[in-house]
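One structure is given here, and the rest of the page talks about it.
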Amino acid sequence: MSYQVKEVKTKPYDGQKPGTSGLRKRVKVFQQEHYTENFVQAIFDAVDLNGKTIVIGGDGRFFSPETVQTILKIGSANGVAKFIVGKDSILSTPAASNVIRKYKADGGILLTASHNPGGPNADFGIKYNVSNGGPAPENVTNKIFEKTKTISSYKVIELAPIDLSKKGFFTYGPSNVEIIDSVSDYVQLLESIFDFPLIKNFLQSHADSFKVLFDGMHGVTGPYGRAIFIDALGLPETSVQNAVPLPDFGGGHPDPNLTYAHELVERVERENIHFGAASDGDGDRNMIYGKGAFVTPSDSVAIIADWAAEAIPYFKKGGVKGLARSMPTSAQIDKVAKKKGLECAVVPTGWKFFGNLMDAGRLSICGEESFGTGSDHIREKDGVWAVVAWLNILAYANQQSPNELIGIKELLEKHYAVYGRSFFSRYDYEEVPAVGAQSLVDAINVHISTGSLASTSHVSKSTGQKFTVAGVTNFDYTDPIDGSISRNQGQIVTFDDGSRVVFRLSGTGSQGATVRMYVERYVPASAGPAELNKDAQEGLKGLIEVALQLSNLPEFLGREKPTVIT
Ligand code: G1P
Ligand code: ZN
């Protein structure tokens, strides 16, 4: 096949700075002339991939197939030796991380805006992952951003588009292209981690007393869910829903939380389903929800960490090397780490911060309050992994206690009875004016530098609880492996009863600013079941009121109520 490398003149676009997880913008922004090409060329300018192998995949959202062809054209012109591409441009984020590792690729480009809505008027995203399978660290994303500021041309090889719907080996100019099955490597991986026979046996022997429902939210996990829950674990067809990936996610917001996964929540409650679960657009987030029992992601990772070494073959064999959480995540997992004598690292928000610890053999299980849970089997959080981890743990717990049926609720209550409970909730104020958000941050910074909030007491009008401020700080992080420093990763107000409130600006929004407020209050096991098993919003009511009052958040943002509460 004859080919020619062509150089196309371009000009830099402002604002191509990758955020918490890649570059995310409206589709219309990516569709501007040269916009996507500039960013893709900037990746190849920042990272030398000449003669290397890269993986391409994504959540299948609108504008993905076109972008795969753009990457082939530009990547090939920049000397990429081999592209491994998910069939139909689909690879969930965890599956892509696995493919990069398994095939020893040098990196990967993932086309996803995660849980953000898709379609011509919604969001698109491009994210670069490095050879360990994880999101590129900040020194790489900063370099990509620098390249976008000075770009003056990009290279292409113009050939007929590759048919992405056919598996197999192809050539594209000087490069090789392998189109792989999107699902099979990932299913094999999970089968090597979990006790599938135990889970299958439990599900079959409890077909009536333990019903399961998995919701793919029309994101990428539908085919993965079908392969695992129906084909491998033998559950009926009705146990998966919204399992066909759609370019616009069926018009929904594919984010597994109580607000956006309401279809799952309603069916679980109506049909008395014991185990419900959902995953997001690109398959790295998860929500676990059984009838009358919502598992906060902070509790979820603590419970997985608590049971892993006993119940899950991967950890039974390799041990649990250490635990970690993002800073805003509750300290429930810290309690488990303490009891088990494990290190529990606290890193800034964003999965990329876990990678170094995993590569150094210091971290096995970690999580973020934002419905992210995972382990060192890959370098991304993994929604379906977390769901199967829960099924594995429940199957094991029931095998240990054959005389009672242990469901989600029972497992949570048993956990709180041992470790106490960190009540946790997050309030999101989405797409607020950037000026208001900045004023809020500035005002808290004034408290930090002057100490003006320290020792002040605040009483909740509705509960009468009194909270006295112990301190206000900015969270800065030094990576223990490479020494890199990340500053201003959230503002923390701590109270003298150990409660805390964190304020943070989102780094993934595609428009305006999003403010997140994280609220946490610990209740020891000695408080007894009546206190421990309360509804989270009830357990946090007084603290939330105080947090809003002392920060003046509603005034700064011009919002009485958050857009999403999780
Ligand atoms: C959000 C979450 C964060 C997660 C990221 C990518 O980022 O808060 O925990 O890692 O999405 O899924 P944020 O918008 O808060 O910057
Ligand atoms: Zn995601």
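Going through the structure tokens in order, the chains are called A, B, and so on, while each chain numbers its residues from 1 and the ligands are numbered from 1 in the order shown.
Every protein or nucleic acid residue with an atom no more than 9 Å from stretch 384-386 of chain A, counting only C-alpha atoms and leaving out same-chain residues fewer than 5 positions away, appears here: Pro94, Leu190, Phe194, Thr221, Tyr224, Gly225, Ile228, Ala277, Ala278, Ser279, Gly283, Asp284, Arg285, Asn286, Met287, Ile288, Ser300, Val301, Ile304, Gly372, Thr373, Gly374, Ser375 and Leu391 of chain A.
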Please identify the residues whose atoms come within 10 Å of ligand 2, using only C-alpha atoms and all ligand atoms, and report them as a VMD selection string. chain A and resid 21 59 92 to 94 112 to 116 219 to 220 254 to 256 279 to 286 370 to 372 380 to 383
Go through chain A residue by residue and, counting only C-alpha atoms and all ligand atoms, keep those with an atom at most 6 Å from ligand 1; for each kept residue give the shortest atom pair and its distance in Å to one decimal, ordered by chain and increasing number, as a tab-separated table.
```
residue	atom	partner	partner_atom_place_in_ligand_line	distance
A:Thr20	CA	ligand 1	16 (O)	5.1
A:Ser21	CA	ligand 1	6 (C)	5.5
A:Thr349	CA	ligand 1	9 (O)	4.9
A:Gly350	CA	ligand 1	10 (O)	3.6
A:Trp351	CA	ligand 1	10 (O)	5.2
A:Glu368	CA	ligand 1	9 (O)	5.4
A:Ser370	CA	ligand 1	9 (O)	4.8
A:Ser506	CA	ligand 1	16 (O)	3.6
A:Gly507	CA	ligand 1	16 (O)	3.4
A:Thr508	CA	ligand 1	14 (O)	4.0
A:Gly509	CA	ligand 1	14 (O)	6.0
```
Any idea what's packed within 9 Å of A:Gly118, counting only C-alpha atoms, ignoring anything in its chain fewer than 5 positions away? Could you give it as a ChimeraX atom specification? /A:26-27,61-62,113,123-124,246-254,281
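With distances restricted to only C-alpha atoms, A:Asp479 is the closest residue to A:Phe354 from A:Glu138, A:Glu413, A:Asp181, A:Asp479.
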Those of stretch 197-402 of chain A in DSSP strand (DSSP E or B), formatted as an NGL selection string: :A and (212-215 or 240-241 or 275-279 or 285-290 or 293-295 or 323-326 or 344-347 or 365-368 or 372-375)
I need the chosen residues saved as a PDB file, in the first residue's frame, with C-alpha atoms.
```
ATOM      1  CA  VAL A 212     -29.263  -9.742  41.132  1.00  0.00           C
ATOM      2  CA  LEU A 213     -29.617  -6.781  38.764  1.00  0.00           C
ATOM      3  CA  PHE A 214     -26.769  -5.111  36.879  1.00  0.00           C
ATOM      4  CA  ASP A 215     -27.386  -1.836  35.054  1.00  0.00           C
ATOM      5  CA  VAL A 240     -28.928  -7.110  33.288  1.00  0.00           C
ATOM      6  CA  GLN A 241     -30.555  -3.946  31.993  1.00  0.00           C
ATOM      7  CA  PHE A 275     -28.159  -7.101  44.960  1.00  0.00           C
ATOM      8  CA  GLY A 276     -28.222  -4.220  42.506  1.00  0.00           C
ATOM      9  CA  ALA A 277     -25.199  -2.671  40.830  1.00  0.00           C
ATOM     10  CA  ALA A 278     -24.419  -0.209  38.083  1.00  0.00           C
ATOM     11  CA  SER A 279     -21.396   1.073  36.226  1.00  0.00           C
ATOM     12  CA  ARG A 285     -17.149   3.526  38.379  1.00  0.00           C
ATOM     13  CA  ASN A 286     -19.632   1.368  40.285  1.00  0.00           C
ATOM     14  CA  MET A 287     -22.531   1.599  42.665  1.00  0.00           C
ATOM     15  CA  ILE A 288     -23.662  -1.214  44.952  1.00  0.00           C
ATOM     16  CA  TYR A 289     -27.277  -0.962  46.026  1.00  0.00           C
ATOM     17  CA  GLY A 290     -29.489  -3.642  47.554  1.00  0.00           C
ATOM     18  CA  ALA A 293     -29.241  -0.619  51.526  1.00  0.00           C
ATOM     19  CA  PHE A 294     -27.035   1.833  49.706  1.00  0.00           C
ATOM     20  CA  VAL A 295     -23.315   1.214  50.060  1.00  0.00           C
ATOM     21  CA  LEU A 323      -4.490   0.166  51.213  1.00  0.00           C
ATOM     22  CA  ALA A 324      -5.191   3.704  50.021  1.00  0.00           C
ATOM     23  CA  ARG A 325      -7.929   6.250  49.486  1.00  0.00           C
ATOM     24  CA  SER A 326      -8.262   9.677  47.969  1.00  0.00           C
ATOM     25  CA  CYS A 344      -3.198   3.290  54.271  1.00  0.00           C
ATOM     26  CA  ALA A 345      -2.012   6.041  51.936  1.00  0.00           C
ATOM     27  CA  VAL A 346      -4.073   9.199  51.428  1.00  0.00           C
ATOM     28  CA  VAL A 347      -3.607  10.700  47.966  1.00  0.00           C
ATOM     29  CA  ILE A 365      -6.776  -2.156  47.239  1.00  0.00           C
ATOM     30  CA  CYS A 366      -7.920   1.448  47.026  1.00  0.00           C
ATOM     31  CA  GLY A 367     -10.888   3.656  46.384  1.00  0.00           C
ATOM     32  CA  GLU A 368     -12.381   7.068  45.898  1.00  0.00           C
ATOM     33  CA  GLY A 372     -14.296   4.392  42.211  1.00  0.00           C
ATOM     34  CA  THR A 373     -12.962   1.128  43.607  1.00  0.00           C
ATOM     35  CA  GLY A 374     -10.145  -1.049  42.406  1.00  0.00           C
ATOM     36  CA  SER A 375      -6.911  -2.885  42.947  1.00  0.00           C
TER      37      SER A 375
END
```
Could you pull out the alpha helix (DSSP H) residues of stretch 119-208 of chain A from DSSP and send them as an MDAnalysis selection string? chainID A and resid 138:150 184:193 196:205
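Proximity ranking of A:Ser422, A:Asn50, A:Ser97, A:Gln69 relative to A:Tyr128 places A:Ser97 first, based on only C-alpha atoms.
All residues of protein, DNA or RNA that reach within 10 Å of A:Ile109, judged by only C-alpha atoms and not counting those fewer than 2 positions away in the chain, are Gly22, Val40, Ile43, Ile54, Val55, Ile56, Gly57, Gly58, Val68, Ile71, Val85, Ala96, Gly107, Leu111, Thr112, Ile126, Lys127, Tyr128, Asn129, Val130 and Pro135 of chain A.
Using only C-alpha atoms, the nearest neighbour of A:Arg500 within the list A:Gln465, A:Thr478, A:Thr67, A:Ser330 is A:Ser330.
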